[in-house]
file structure27.tsv (TSV, C-alpha atoms)
chain	number	residue	atom	x	y	z
O	96	MET	CA	-23.03	32.82	0.02
O	97	LYS	CA	-24.73	36.06	-1.10
O	98	ILE	CA	-27.55	36.15	-3.63
O	99	HIS	CA	-28.18	39.41	-5.52
O	100	THR	CA	-30.89	40.39	-7.94
O	101	LEU	CA	-29.20	42.23	-10.80
O	102	SER	CA	-30.42	45.67	-11.87
O	103	THR	CA	-30.05	44.59	-15.51
O	104	PRO	CA	-31.13	40.96	-15.64
O	105	PRO	CA	-29.00	38.75	-17.92
O	106	TYR	CA	-30.43	37.17	-21.07
O	107	ASP	CA	-31.81	33.66	-20.79
O	108	THR	CA	-28.93	32.27	-22.88
O	109	GLU	CA	-26.45	33.88	-20.48
O	110	CYS	CA	-28.20	32.31	-17.48
O	111	GLU	CA	-28.09	28.97	-19.26
O	112	ARG	CA	-24.37	29.20	-20.03
O	113	ALA	CA	-23.51	30.35	-16.50
O	114	THR	CA	-25.56	27.46	-15.08
O	115	PHE	CA	-23.70	25.05	-17.36
O	116	SER	CA	-20.37	26.13	-15.90
O	117	TYR	CA	-21.52	24.85	-12.50
O	118	LEU	CA	-23.20	21.80	-14.00
O	119	MET	CA	-19.90	21.00	-15.68
O	120	SER	CA	-18.06	21.10	-12.37
O	121	ILE	CA	-20.72	18.93	-10.67
O	122	MET	CA	-20.70	16.32	-13.44
O	123	ALA	CA	-16.94	16.29	-13.32
O	124	VAL	CA	-16.95	15.84	-9.55
O	125	PHE	CA	-18.97	12.63	-9.97
O	126	ALA	CA	-16.79	11.40	-12.83
O	127	GLY	CA	-13.52	12.67	-11.50
O	128	LEU	CA	-13.53	11.94	-7.79
O	129	PRO	CA	-11.10	9.05	-8.16
O	130	ILE	CA	-8.88	11.19	-10.43
O	131	PRO	CA	-9.22	14.75	-9.10
O	132	ILE	CA	-7.64	16.46	-12.11
O	133	ILE	CA	-10.73	15.63	-14.21
O	134	ASN	CA	-13.05	18.10	-12.46
O	135	LEU	CA	-10.49	20.86	-12.73
O	136	LEU	CA	-9.84	20.10	-16.40
O	137	ALA	CA	-13.55	20.02	-17.26
O	138	THR	CA	-14.13	23.38	-15.58
O	139	LEU	CA	-11.01	24.79	-17.21
O	140	ILE	CA	-12.16	23.68	-20.68
O	141	PHE	CA	-15.58	25.27	-20.10
O	142	TYR	CA	-13.87	28.42	-18.81
O	143	PHE	CA	-11.76	28.81	-21.96
O	144	GLY	CA	-14.79	27.98	-24.11
O	145	ASN	CA	-16.60	30.98	-22.64
O	146	LYS	CA	-13.69	33.40	-22.51
O	147	LYS	CA	-15.32	35.64	-25.11
O	148	SER	CA	-18.73	35.46	-23.51
O	149	THR	CA	-20.48	38.19	-21.48
O	150	THR	CA	-19.15	39.27	-18.09
O	151	PHE	CA	-21.98	37.45	-16.27
O	152	VAL	CA	-21.11	34.12	-17.89
O	153	LYS	CA	-17.35	34.65	-17.53
O	154	TRP	CA	-17.76	35.61	-13.87
O	155	HIS	CA	-19.63	32.42	-13.00
O	156	CYS	CA	-17.27	30.24	-15.06
O	157	THR	CA	-14.40	31.79	-13.10
O	158	GLN	CA	-16.09	31.28	-9.72
O	159	ALA	CA	-16.63	27.61	-10.62
O	160	LEU	CA	-12.99	27.34	-11.72
O	161	VAL	CA	-11.58	29.01	-8.60
O	162	SER	CA	-13.60	26.74	-6.30
O	163	GLN	CA	-12.52	23.69	-8.28
O	164	ALA	CA	-8.87	24.74	-8.12
O	165	PHE	CA	-9.18	25.05	-4.31
O	166	LEU	CA	-10.84	21.66	-4.01
O	167	PHE	CA	-8.31	20.14	-6.40
O	168	CYS	CA	-5.48	20.70	-3.89
O	169	PHE	CA	-7.32	18.74	-1.19
O	170	ASN	CA	-8.55	16.02	-3.57
O	171	SER	CA	-5.04	15.52	-4.97
O	172	ILE	CA	-3.64	14.78	-1.51
O	173	SER	CA	-6.35	12.15	-0.94
O	174	PHE	CA	-5.70	10.66	-4.39
O	175	TRP	CA	-1.94	10.21	-3.91
O	176	TRP	CA	-2.40	9.06	-0.32
O	177	THR	CA	-4.85	6.38	-1.53
O	178	ILE	CA	-2.44	5.34	-4.28
O	179	ASP	CA	0.25	4.92	-1.62
O	180	VAL	CA	-2.14	2.84	0.51
O	181	ILE	CA	-3.04	0.58	-2.42
O	182	PHE	CA	0.29	0.22	-4.16
O	183	GLY	CA	2.81	1.65	-1.73
O	184	ASP	CA	3.88	1.07	1.83
O	185	ALA	CA	1.27	3.30	3.50
O	186	THR	CA	-1.41	1.61	5.58
O	187	ILE	CA	-5.00	2.48	6.47
O	188	THR	CA	-4.68	4.61	9.58
O	189	ASP	CA	-6.99	6.90	11.60
O	190	PRO	CA	-5.54	10.06	9.96
O	191	TYR	CA	-6.08	8.53	6.50
O	192	ILE	CA	-9.73	7.64	7.14
O	193	ALA	CA	-10.25	11.08	8.75
O	194	TYR	CA	-8.84	12.76	5.64
O	195	ILE	CA	-10.99	10.71	3.27
O	196	LEU	CA	-14.07	11.67	5.34
O	197	LEU	CA	-13.02	15.30	5.25
O	198	ILE	CA	-12.69	15.13	1.46
O	199	PHE	CA	-16.11	13.51	1.25
O	200	MET	CA	-17.58	16.31	3.39
O	201	LEU	CA	-15.86	19.06	1.38
O	202	ASN	CA	-17.00	17.62	-1.94
O	203	THR	CA	-20.56	17.09	-0.67
O	204	ALA	CA	-20.70	20.68	0.60
O	205	GLU	CA	-19.39	21.89	-2.77
O	206	ILE	CA	-22.03	19.88	-4.64
O	207	ILE	CA	-24.86	21.23	-2.46
O	208	ILE	CA	-23.66	24.85	-2.78
O	209	THR	CA	-23.21	24.39	-6.54
O	210	MET	CA	-26.77	23.06	-6.90
O	211	ILE	CA	-28.22	26.00	-4.96
O	212	THR	CA	-26.13	28.38	-7.10
O	213	MET	CA	-27.30	26.72	-10.31
O	214	HIS	CA	-30.91	27.15	-9.25
O	215	HIS	CA	-30.48	30.91	-8.64
O	216	VAL	CA	-28.20	31.62	-11.60
O	217	ARG	CA	-30.70	29.94	-13.93
O	218	LYS	CA	-33.23	32.51	-12.66
O	219	GLY	CA	-30.80	35.31	-13.53
O	220	LYS	CA	-29.65	36.00	-9.98
O	221	HIS	CA	-26.04	36.68	-9.10
O	222	VAL	CA	-24.62	34.28	-6.48
O	223	LYS	CA	-21.38	35.17	-4.77
O	224	TRP	CA	-19.69	32.48	-2.69
O	225	PHE	CA	-17.71	33.02	0.48
O	226	LEU	CA	-14.05	33.70	-0.43
O	227	PHE	CA	-14.31	32.39	-4.02
O	228	GLY	CA	-16.76	35.16	-4.98
O	229	GLU	CA	-14.32	37.76	-3.75
O	230	ILE	CA	-11.36	36.19	-5.59
O	231	THR	CA	-13.50	36.07	-8.73
O	232	ASP	CA	-14.37	39.75	-8.26
O	233	LYS	CA	-10.66	40.57	-8.29
O	234	LEU	CA	-10.15	38.57	-11.49
O	235	ILE	CA	-13.30	39.72	-13.30
O	236	PRO	CA	-14.78	42.95	-11.92
O	237	PHE	CA	-18.54	42.70	-12.24
O	238	ASN	CA	-20.83	45.71	-11.98
O	239	LYS	CA	-24.13	44.66	-10.42
P	131	MET	CA	-6.96	41.75	-0.82
P	132	LYS	CA	-6.79	41.79	2.99
P	133	SER	CA	-10.34	40.50	3.17
P	134	ILE	CA	-9.45	37.59	0.85
P	135	ALA	CA	-6.44	36.69	3.02
P	136	VAL	CA	-8.57	36.76	6.17
P	137	LYS	CA	-11.32	34.65	4.59
P	138	LEU	CA	-8.79	32.19	3.17
P	139	SER	CA	-7.13	31.86	6.58
P	140	LEU	CA	-10.53	31.34	8.19
P	141	MET	CA	-11.46	28.66	5.69
P	142	LEU	CA	-8.15	26.84	6.05
P	143	LEU	CA	-8.39	27.07	9.82
P	144	GLY	CA	-11.91	25.61	9.70
P	145	ILE	CA	-10.79	22.74	7.46
P	146	THR	CA	-7.71	22.04	9.60
P	147	THR	CA	-9.80	22.04	12.79
P	148	ALA	CA	-12.34	19.68	11.21
P	149	TYR	CA	-9.53	17.35	10.13
P	150	ALA	CA	-7.85	17.45	13.55
P	151	ALA	CA	-11.18	16.60	15.20
P	152	LEU	CA	-11.90	13.76	12.74
P	153	ALA	CA	-8.39	12.34	13.18
P	154	GLN	CA	-8.98	11.99	16.94
P	155	ILE	CA	-11.67	9.34	16.33
P	156	PRO	CA	-10.29	5.77	16.33
P	157	TRP	CA	-11.71	4.93	12.88
P	158	THR	CA	-9.58	1.82	12.36
P	159	ARG	CA	-10.98	0.33	15.59
P	160	ILE	CA	-14.55	1.38	14.84
P	161	LEU	CA	-14.38	0.01	11.29
P	162	HIS	CA	-12.43	-3.13	12.40
P	163	VAL	CA	-9.76	-2.40	9.79
P	164	GLU	CA	-7.14	-4.57	11.48
P	165	SER	CA	-9.40	-7.58	11.85
P	166	ILE	CA	-10.47	-7.26	8.20
P	167	GLN	CA	-6.80	-7.21	7.18
P	168	LYS	CA	-6.07	-10.18	9.47
P	169	ILE	CA	-8.95	-12.22	8.02
P	170	SER	CA	-7.71	-11.41	4.51
P	171	GLU	CA	-4.22	-12.53	5.42
P	172	GLU	CA	-5.45	-15.76	7.01
P	173	LYS	CA	-7.65	-16.58	4.04
P	174	LEU	CA	-4.90	-15.79	1.55
P	175	GLY	CA	-2.29	-17.81	3.41
P	176	ASN	CA	-4.55	-20.86	3.71
P	177	LEU	CA	-5.63	-20.56	0.11
P	178	TYR	CA	-2.04	-20.44	-1.15
P	179	TRP	CA	-1.01	-23.33	1.09
P	180	ASP	CA	-3.97	-25.44	-0.12
P	181	PHE	CA	-2.85	-24.79	-3.67
P	182	ILE	CA	0.81	-25.59	-2.99
P	183	SER	CA	-0.03	-28.75	-1.04
P	184	SER	CA	-2.28	-29.92	-3.87
P	185	THR	CA	0.54	-29.59	-6.42
P	186	ASN	CA	3.53	-30.58	-4.23
P	187	THR	CA	3.97	-33.45	-1.81
P	188	GLU	CA	4.55	-32.36	1.76
P	189	ILE	CA	7.41	-34.11	3.54
P	190	HIS	CA	6.54	-35.53	6.97
P	191	VAL	CA	9.67	-37.68	7.45
P	192	GLU	CA	10.82	-37.29	11.06
P	193	ASP	CA	14.52	-37.13	10.16
P	194	VAL	CA	13.76	-34.05	8.04
P	195	ILE	CA	11.13	-32.31	10.17
P	196	LYS	CA	12.85	-32.70	13.55
P	197	PRO	CA	16.08	-30.80	12.76
P	198	ILE	CA	14.11	-28.10	10.94
P	199	ASP	CA	11.79	-27.66	13.94
P	200	SER	CA	14.79	-27.55	16.22
P	201	ILE	CA	16.49	-24.81	14.13
P	202	ALA	CA	13.25	-22.82	13.86
P	203	ASN	CA	12.61	-23.11	17.60
P	204	ARG	CA	16.10	-21.88	18.41
P	205	LEU	CA	15.73	-18.90	16.07
P	206	LEU	CA	12.24	-18.00	17.25
P	207	THR	CA	12.50	-18.46	21.01
P	208	ALA	CA	15.80	-16.57	21.18
P	209	ASN	CA	14.04	-13.66	19.50
P	210	ASN	CA	10.88	-13.79	21.63
P	211	ILE	CA	8.75	-14.97	18.73
P	212	SER	CA	6.26	-17.70	19.58
P	213	PRO	CA	7.22	-20.86	17.61
P	214	LYS	CA	3.51	-21.62	17.32
P	215	SER	CA	2.94	-18.34	15.46
P	216	ILE	CA	4.88	-19.54	12.40
P	217	ARG	CA	3.95	-22.57	10.30
P	218	ILE	CA	6.74	-24.25	8.37
P	219	HIS	CA	6.01	-26.74	5.59
P	220	VAL	CA	8.64	-28.75	3.71
P	221	VAL	CA	7.65	-29.80	0.21
P	222	GLU	CA	9.21	-32.02	-2.41
P	223	ASN	CA	10.59	-29.65	-5.00
P	224	PRO	CA	14.13	-29.75	-6.48
P	225	GLU	CA	14.27	-25.96	-6.87
P	226	VAL	CA	16.57	-24.25	-4.36
P	227	ASN	CA	13.87	-22.06	-2.85
P	228	ALA	CA	12.13	-20.99	0.34
P	229	PHE	CA	9.44	-18.34	0.58
P	230	ALA	CA	7.08	-16.75	3.02
P	231	LEU	CA	3.31	-16.71	2.51
P	232	PRO	CA	0.64	-14.58	4.18
P	233	ASN	CA	-0.59	-15.79	7.60
P	234	ARG	CA	2.99	-16.45	8.76
P	235	ILE	CA	3.57	-19.57	6.64
P	236	ILE	CA	7.03	-20.53	5.36
P	237	ILE	CA	7.47	-23.04	2.54
P	238	ILE	CA	10.81	-24.82	2.22
P	239	ASN	CA	11.66	-26.77	-0.89
P	240	SER	CA	13.57	-30.03	-0.47
P	241	GLY	CA	16.02	-28.65	-3.07
P	242	LEU	CA	17.11	-25.99	-0.61
P	243	LEU	CA	17.77	-28.54	2.15
P	244	ALA	CA	19.68	-30.75	-0.25
P	245	ASN	CA	21.93	-27.84	-1.21
P	246	ALA	CA	22.55	-26.53	2.30
P	247	GLY	CA	25.79	-28.17	3.43
P	248	THR	CA	25.26	-27.35	7.11
P	249	ALA	CA	22.33	-26.59	9.39
P	250	GLU	CA	23.69	-23.04	9.79
P	251	GLU	CA	23.46	-22.42	6.04
P	252	PHE	CA	19.81	-23.42	6.12
P	253	ALA	CA	19.24	-21.39	9.31
P	254	GLY	CA	20.44	-18.28	7.44
P	255	VAL	CA	17.82	-18.70	4.73
P	256	LEU	CA	15.13	-19.50	7.30
P	257	ALA	CA	16.06	-16.40	9.34
P	258	HIS	CA	15.78	-14.28	6.17
P	259	GLU	CA	12.25	-15.59	5.52
P	260	ILE	CA	11.24	-15.13	9.18
P	261	ALA	CA	12.50	-11.54	8.87
P	262	HIS	CA	10.19	-10.98	5.86
P	263	ILE	CA	7.26	-12.17	7.99
P	264	GLU	CA	8.24	-10.13	11.05
P	265	GLU	CA	8.64	-6.98	8.96
P	266	ASN	CA	5.24	-7.59	7.30
P	267	HIS	CA	6.84	-7.60	3.84
P	268	VAL	CA	4.61	-10.40	2.53
P	269	MET	CA	1.31	-8.50	2.70
P	270	SER	CA	2.98	-5.25	1.64
P	271	LYS	CA	4.32	-6.94	-1.46
P	272	LEU	CA	0.99	-8.54	-2.28
P	273	ARG	CA	-0.73	-5.18	-1.84
P	274	ASN	CA	1.76	-3.64	-4.23
P	275	GLU	CA	1.35	-6.38	-6.78
P	276	ILE	CA	-2.31	-7.23	-6.81
P	277	GLY	CA	-3.91	-4.20	-5.22
P	278	ILE	CA	-6.26	-3.74	-2.33
P	279	GLN	CA	-9.33	-4.46	-4.44
P	280	LEU	CA	-8.46	-8.09	-4.62
P	281	LEU	CA	-7.71	-8.23	-0.91
P	282	LEU	CA	-11.10	-6.75	-0.13
P	283	SER	CA	-12.87	-9.18	-2.43
P	284	ILE	CA	-11.30	-12.02	-0.47
P	285	THR	CA	-12.79	-10.67	2.74
P	286	SER	CA	-16.24	-10.36	1.29
P	287	SER	CA	-16.41	-13.50	-0.78
P	288	ASN	CA	-15.20	-17.09	-0.64
P	289	ARG	CA	-14.78	-17.35	-4.38
P	290	VAL	CA	-11.30	-18.30	-5.45
P	291	THR	CA	-10.28	-16.49	-8.56
P	292	ASP	CA	-7.65	-17.54	-11.05
P	293	GLN	CA	-6.14	-14.12	-10.66
P	294	LEU	CA	-5.58	-14.80	-6.99
P	295	LEU	CA	-3.76	-18.05	-7.58
P	296	SER	CA	-1.66	-16.54	-10.33
P	297	SER	CA	-0.57	-13.91	-7.80
P	298	LEU	CA	1.07	-16.74	-5.87
P	299	LYS	CA	3.86	-16.54	-8.46
P	300	VAL	CA	4.58	-13.08	-7.12
P	301	LEU	CA	5.57	-14.60	-3.78
P	302	THR	CA	7.35	-17.69	-5.05
P	303	SER	CA	9.29	-16.48	-8.06
P	304	THR	CA	10.02	-12.80	-7.65
P	305	ALA	CA	12.09	-10.88	-5.17
P	306	PHE	CA	10.87	-8.30	-2.71
P	307	SER	CA	11.95	-4.71	-3.27
P	308	ARG	CA	15.58	-3.78	-2.73
P	309	THR	CA	14.66	-2.06	0.55
P	310	PHE	CA	12.71	-5.09	1.80
P	311	GLU	CA	15.57	-7.47	0.91
P	312	ARG	CA	18.09	-5.27	2.70
P	313	GLU	CA	15.82	-5.07	5.74
P	314	ALA	CA	15.30	-8.86	5.72
P	315	ASP	CA	19.07	-9.40	5.39
P	316	GLN	CA	19.80	-7.18	8.38
P	317	LYS	CA	16.95	-8.53	10.48
P	318	GLY	CA	17.78	-12.14	9.52
P	319	ILE	CA	21.39	-11.73	10.59
P	320	SER	CA	20.37	-10.12	13.88
P	321	LEU	CA	17.89	-13.00	14.49
P	322	MET	CA	20.76	-15.45	13.97
P	323	LYS	CA	23.13	-13.51	16.21
P	324	ARG	CA	20.60	-13.37	19.03
P	325	ALA	CA	20.11	-17.11	18.66
P	326	LYS	CA	23.92	-17.48	18.75
P	327	ILE	CA	23.94	-19.19	15.35
P	328	ASP	CA	27.15	-18.87	13.35
P	329	ILE	CA	26.53	-16.59	10.35
P	330	ARG	CA	29.72	-17.48	8.48
P	331	PRO	CA	28.18	-20.56	6.81
P	332	LEU	CA	25.44	-18.29	5.41
P	333	ALA	CA	28.02	-16.20	3.57
P	334	HIS	CA	29.56	-19.44	2.34
P	335	PHE	CA	26.16	-20.67	1.16
P	336	PHE	CA	25.58	-17.44	-0.77
P	337	ASP	CA	29.01	-17.68	-2.37
P	338	LYS	CA	28.40	-21.31	-3.32
P	339	LEU	CA	25.07	-20.59	-4.98
P	340	GLN	CA	26.45	-17.49	-6.64
P	341	LYS	CA	29.35	-19.45	-8.09
P	342	GLU	CA	27.03	-22.15	-9.40
P	343	ASN	CA	24.87	-19.32	-10.78
P	344	ASN	CA	22.04	-21.64	-11.72
P	345	PRO	CA	19.17	-19.55	-13.13
P	346	LEU	CA	16.84	-22.39	-12.14
P	347	ASP	CA	17.53	-21.75	-8.45
P	348	PRO	CA	14.82	-19.20	-7.64
P	349	TRP	CA	16.12	-18.26	-4.22
P	350	ILE	CA	19.44	-17.06	-5.60
P	351	SER	CA	18.10	-15.69	-8.91
P	352	THR	CA	15.52	-13.60	-7.05
P	353	HIS	CA	17.92	-12.54	-4.33
P	354	PRO	CA	20.78	-11.05	-6.33
P	355	LEU	CA	23.88	-10.79	-4.24
P	356	SER	CA	25.27	-7.40	-5.01
P	357	GLU	CA	28.77	-6.70	-3.77
P	358	GLN	CA	27.31	-4.39	-1.15
P	359	ARG	CA	25.01	-7.12	0.23
P	360	SER	CA	27.81	-9.63	0.33
P	361	GLN	CA	30.04	-7.08	2.04
P	362	ASN	CA	27.31	-6.36	4.62
P	363	ILE	CA	27.24	-10.02	5.62
P	364	LYS	CA	31.03	-10.14	5.82
P	365	ASN	CA	31.11	-7.01	7.98
P	366	THR	CA	28.68	-8.50	10.47
P	367	ILE	CA	30.66	-11.75	10.65
P	368	GLN	CA	33.42	-9.83	12.44
P	369	ASP	CA	30.93	-8.59	15.07
P	370	GLN	CA	29.75	-12.05	16.08
P	371	THR	CA	31.46	-13.17	19.26
P	372	GLN	CA	29.25	-15.91	20.70
P	373	VAL	CA	28.36	-19.01	18.72
P	374	VAL	CA	26.60	-22.14	19.91
P	375	PRO	CA	26.46	-25.04	17.41
P	376	LEU	CA	23.07	-25.90	15.95
P	377	VAL	CA	22.06	-29.51	15.31
P	378	HIS	CA	24.82	-32.10	15.21
P	379	PRO	CA	26.42	-32.44	11.72
P	380	SER	CA	25.39	-36.10	11.61
P	381	THR	CA	21.75	-35.13	12.24
P	382	TRP	CA	21.92	-32.69	9.32
P	383	THR	CA	23.51	-35.32	7.08
P	384	LYS	CA	20.75	-37.72	8.10
P	385	CYS	CA	18.18	-35.07	7.16
P	386	ARG	CA	19.70	-34.62	3.72
P	387	LEU	CA	20.00	-38.38	3.21
P	388	ALA	CA	16.35	-38.81	4.14
P	389	LEU	CA	15.43	-36.46	1.28
P	390	GLU	CA	17.22	-38.67	-1.20
call {"tool": "encode", "arguments": {"input": "structure27.tsv", "output": "structure tokens"}}
result
Amino acid sequence: MKIHTLSTPPYDTECERATFSYLMSIMAVFAGLPIPIINLLATLIFYFGNKKSTTFVKWHCTQALVSQAFLFCFNSISFWWTIDVIFGDATITDPYIAYILLIFMLNTAEIIITMITMHHVRKGKHVKWFLFGEITDKLIPFNK
Amino acid sequence: MKSIAVKLSLMLLGITTAYAALAQIPWTRILHVESIQKISEEKLGNLYWDFISSTNTEIHVEDVIKPIDSIANRLLTANNISPKSIRIHVVENPEVNAFALPNRIIIINSGLLANAGTAEEFAGVLAHEIAHIEENHVMSKLRNEIGIQLLLSITSSNRVTDQLLSSLKVLTSTAFSRTFEREADQKGISLMKRAKIDIRPLAHFFDKLQKENNPLDPWISTHPLSEQRSQNIKNTIQDQTQVVPLVHPSTWTKCRLALE
């Protein structure tokens, strides 16, 4: 994670909107953990809601969306595996528990990183995550 | 783009390594998953049996119990299953039905015994139910029907819910999935063959019940005999070479008379 101070600081409203994009994904993580599509949908809705916003806001909405899309793949596997354990023929095995723990760790790490990002973005700083920041740069070029 | 590919590979490698490491830990042993499941099964089985025995009269007549025990022993010992591991209860109920409960309990209705012309016919049904137990179909079906939440609540609390008792209907009046029934058919027949019990009377019993086609007979109405299933039984009949008679016909007649 890289934190930059921008040469032209964003307006307070921009910082607020960019922070909300992360807040949205965090709230959705809490609400949507059992049904992983919820966090992705919430972030997607916020992303489209800010499509005509400034580059700073769009960039952070996109970073939140990209990270959620990545997490969604892992969360979906755990969701369908759990459904199979509850209603199907699958049983609780060591690999299943290991995967659920992994998902818990991934989501916890995402929440912590998101909170740190929110703190800095609210102060007008630009936070670029490992991998997701670079993907976002390709989608929305942002001149610091 | 190259940098993204490298970082993505690194991240996926990290996640895969973390998962591989976590999967090496025997979580099910640490968290006592099996014993929790076993306790749930024991509690459920006893709870269902308590309910059934409070609404149906259990038959303890020696002329009925002895031949049934003898048939069960033959089936179980020939297949290296401890006879003590399965509890069989005979209850007064005119419905032609037998079903397996959690905790390796089998309930046999007197109606089934009354309708089985020979001990071999009854042995076929018993073998089918033992097969459901051996293949762990009972708990799988309950899990499918009532969900794990209920099973966990049984482990943590002694409270008997109405929902739990209503789920008993799932075991007594509905069939297992097509796959489970096919598996139980195959396993049941192989249990009989290993015990050298003639499987021809079983096919005859199926045909008889099918012809009567009584919708009030749960065992036949919940175990639809498709042509394929019937054919499967007939195919295996040809493979059976060794047959040793079960209980003497007069003993079986005595058992049926005792029910009257």
call {"tool": "interface_residues", "arguments": {"input": "structure27.tsv", "of": "chain P", "to": "chain O", "cutoff": "10 Å", "atoms": "only C-alpha atoms", "output": "number ranges by chain"}}
result
P: 131, 133-138, 140-141, 145-146, 148-161, 163-164, 167, 267, 269-279
call {"tool": "closest_residue", "arguments": {"input": "structure27.tsv", "among": "P:Asp180, P:Glu250, P:Asp337, P:Glu259", "to": "P:Trp382", "atoms": "only C-alpha atoms"}}
result
P:Glu250
call {"tool": "atom_distance", "arguments": {"input": "structure27.tsv", "atom1": "atom CA of O:Ser148", "atom2": "atom CA of O:Thr203"}}
result
29.4 Å
call {"tool": "atom_distance", "arguments": {"input": "structure27.tsv", "atom1": "atom CA of O:Ser173", "atom2": "atom CA of O:Met213"}}
result
27.2 Å
call {"tool": "axis_aligned_box", "arguments": {"input": "structure27.tsv", "around": "stretch 323-328 of chain P", "padding_each_side": "8 Å", "output": "JSON"}}
result
{"center_x": 23.6, "center_y": -16.3, "center_z": 16.2, "size_x": 23.0, "size_y": 21.8, "size_z": 21.7}
call {"tool": "residues_around", "arguments": {"input": "structure27.tsv", "residues": "P:Ala202", "least_positions_apart": "6", "cutoff": "12 Å", "atoms": "only C-alpha atoms", "output": "PyMOL selection string"}}
result
chain P and resi 195-196+208-209+211-219+236+249-250+252-260+321-322+325+327+376-377
call {"tool": "residues_around", "arguments": {"input": "structure27.tsv", "residues": "O:Asp107", "least_positions_apart": "3", "cutoff": "12 Å", "atoms": "only C-alpha atoms", "output": "mmCIF file with C-alpha atoms, in the frame of the given file"}}
result
data_model
loop_
_atom_site.group_PDB
_atom_site.id
_atom_site.type_symbol
_atom_site.label_atom_id
_atom_site.label_comp_id
_atom_site.auth_asym_id
_atom_site.auth_seq_id
_atom_site.Cartn_x
_atom_site.Cartn_y
_atom_site.Cartn_z
ATOM 1 C CA PRO O 104 -31.130 40.960 -15.640
ATOM 2 C CA CYS O 110 -28.200 32.310 -17.480
ATOM 3 C CA GLU O 111 -28.090 28.970 -19.260
ATOM 4 C CA ARG O 112 -24.370 29.200 -20.030
ATOM 5 C CA ALA O 113 -23.510 30.350 -16.500
ATOM 6 C CA THR O 114 -25.560 27.460 -15.080
ATOM 7 C CA PHE O 151 -21.980 37.450 -16.270
ATOM 8 C CA VAL O 152 -21.110 34.120 -17.890
ATOM 9 C CA VAL O 216 -28.200 31.620 -11.600
ATOM 10 C CA ARG O 217 -30.700 29.940 -13.930
ATOM 11 C CA LYS O 218 -33.230 32.510 -12.660
ATOM 12 C CA GLY O 219 -30.800 35.310 -13.530
ATOM 13 C CA LYS O 220 -29.650 36.000 -9.980
#
call {"tool": "residues_around", "arguments": {"input": "structure27.tsv", "residues": "P:Ala228", "least_positions_apart": "6", "cutoff": "6 Å", "atoms": "all atoms listed in the file", "output": "list in words"}}
result
Ile237, Ile238 and Asn239 of chain P
call {"tool": "write_last_selection", "arguments": {"input": "structure27.tsv", "atoms": "C-alpha atoms", "output": "PDB file, keeping the file's coordinate frame"}}
result
ATOM      1  CA  ILE P 237       7.470 -23.040   2.540  1.00  0.00           C
ATOM      2  CA  ILE P 238      10.810 -24.820   2.220  1.00  0.00           C
ATOM      3  CA  ASN P 239      11.660 -26.770  -0.890  1.00  0.00           C
TER       4      ASN P 239
END
call {"tool": "residues_near_point", "arguments": {"input": "structure27.tsv", "point": "(19.4, -34.9, 1.6)", "cutoff": "10 Å", "atoms": "all atoms listed in the file", "output": "list in words"}}
result
Val194, Ser240, Gly241, Leu242, Leu243, Ala244, Asn245, Ala246, Gly247, Trp382, Thr383, Lys384, Cys385, Arg386, Leu387, Ala388, Leu389 and Glu390 of chain P
call {"tool": "atom_distance", "arguments": {"input": "structure27.tsv", "atom1": "atom CA of P:Ile201", "atom2": "atom CA of P:Glu172"}}
result
24.8 Å
call {"tool": "residues_around", "arguments": {"input": "structure27.tsv", "residues": "P:Leu174", "least_positions_apart": "3", "cutoff": "8 Å", "atoms": "only C-alpha atoms", "output": "PyMOL selection string"}}
result
chain P and resi 170-171+177-178+232-233+284
call {"tool": "write_last_selection", "arguments": {"input": "structure27.tsv", "atoms": "C-alpha atoms", "output": "mmCIF file, in the coordinates of the input"}}
result
data_model
loop_
_atom_site.group_PDB
_atom_site.id
_atom_site.type_symbol
_atom_site.label_atom_id
_atom_site.label_comp_id
_atom_site.auth_asym_id
_atom_site.auth_seq_id
_atom_site.Cartn_x
_atom_site.Cartn_y
_atom_site.Cartn_z
ATOM 1 C CA SER P 170 -7.710 -11.410 4.510
ATOM 2 C CA GLU P 171 -4.220 -12.530 5.420
ATOM 3 C CA LEU P 177 -5.630 -20.560 0.110
ATOM 4 C CA TYR P 178 -2.040 -20.440 -1.150
ATOM 5 C CA PRO P 232 0.640 -14.580 4.180
ATOM 6 C CA ASN P 233 -0.590 -15.790 7.600
ATOM 7 C CA ILE P 284 -11.300 -12.020 -0.470
#
call {"tool": "residues_near_point", "arguments": {"input": "structure27.tsv", "point": "(-20.2, 24.9, -14.4)", "cutoff": "8 Å", "atoms": "all atoms listed in the file", "output": "PyMOL selection string"}}
result
chain O and resi 113-121+138+141+155-156+159
call {"tool": "build_atoms", "arguments": {"input": "structure27.tsv", "residues": "stretch 154-158 of chain P", "atoms": "N, CA and C atoms", "output": "JSON list (two decimals), in the frame of the given file"}}
result
[["chain", "number", "residue", "atom", "x", "y", "z"],
["P", 154, "GLN", "N", -9.01, 12.45, 15.55],
["P", 154, "GLN", "CA", -8.98, 11.99, 16.94],
["P", 154, "GLN", "C", -9.83, 10.72, 17.13],
["P", 155, "ILE", "N", -10.76, 10.51, 16.20],
["P", 155, "ILE", "CA", -11.67, 9.34, 16.33],
["P", 155, "ILE", "C", -10.93, 8.07, 15.89],
["P", 156, "PRO", "N", -11.01, 7.01, 16.70],
["P", 156, "PRO", "CA", -10.29, 5.77, 16.33],
["P", 156, "PRO", "C", -11.02, 4.99, 15.22],
["P", 157, "TRP", "N", -10.97, 5.51, 14.02],
["P", 157, "TRP", "CA", -11.71, 4.93, 12.88],
["P", 157, "TRP", "C", -11.33, 3.47, 12.62],
["P", 158, "THR", "N", -10.03, 3.19, 12.70],
["P", 158, "THR", "CA", -9.58, 1.82, 12.36],
["P", 158, "THR", "C", -10.18, 0.80, 13.33]]
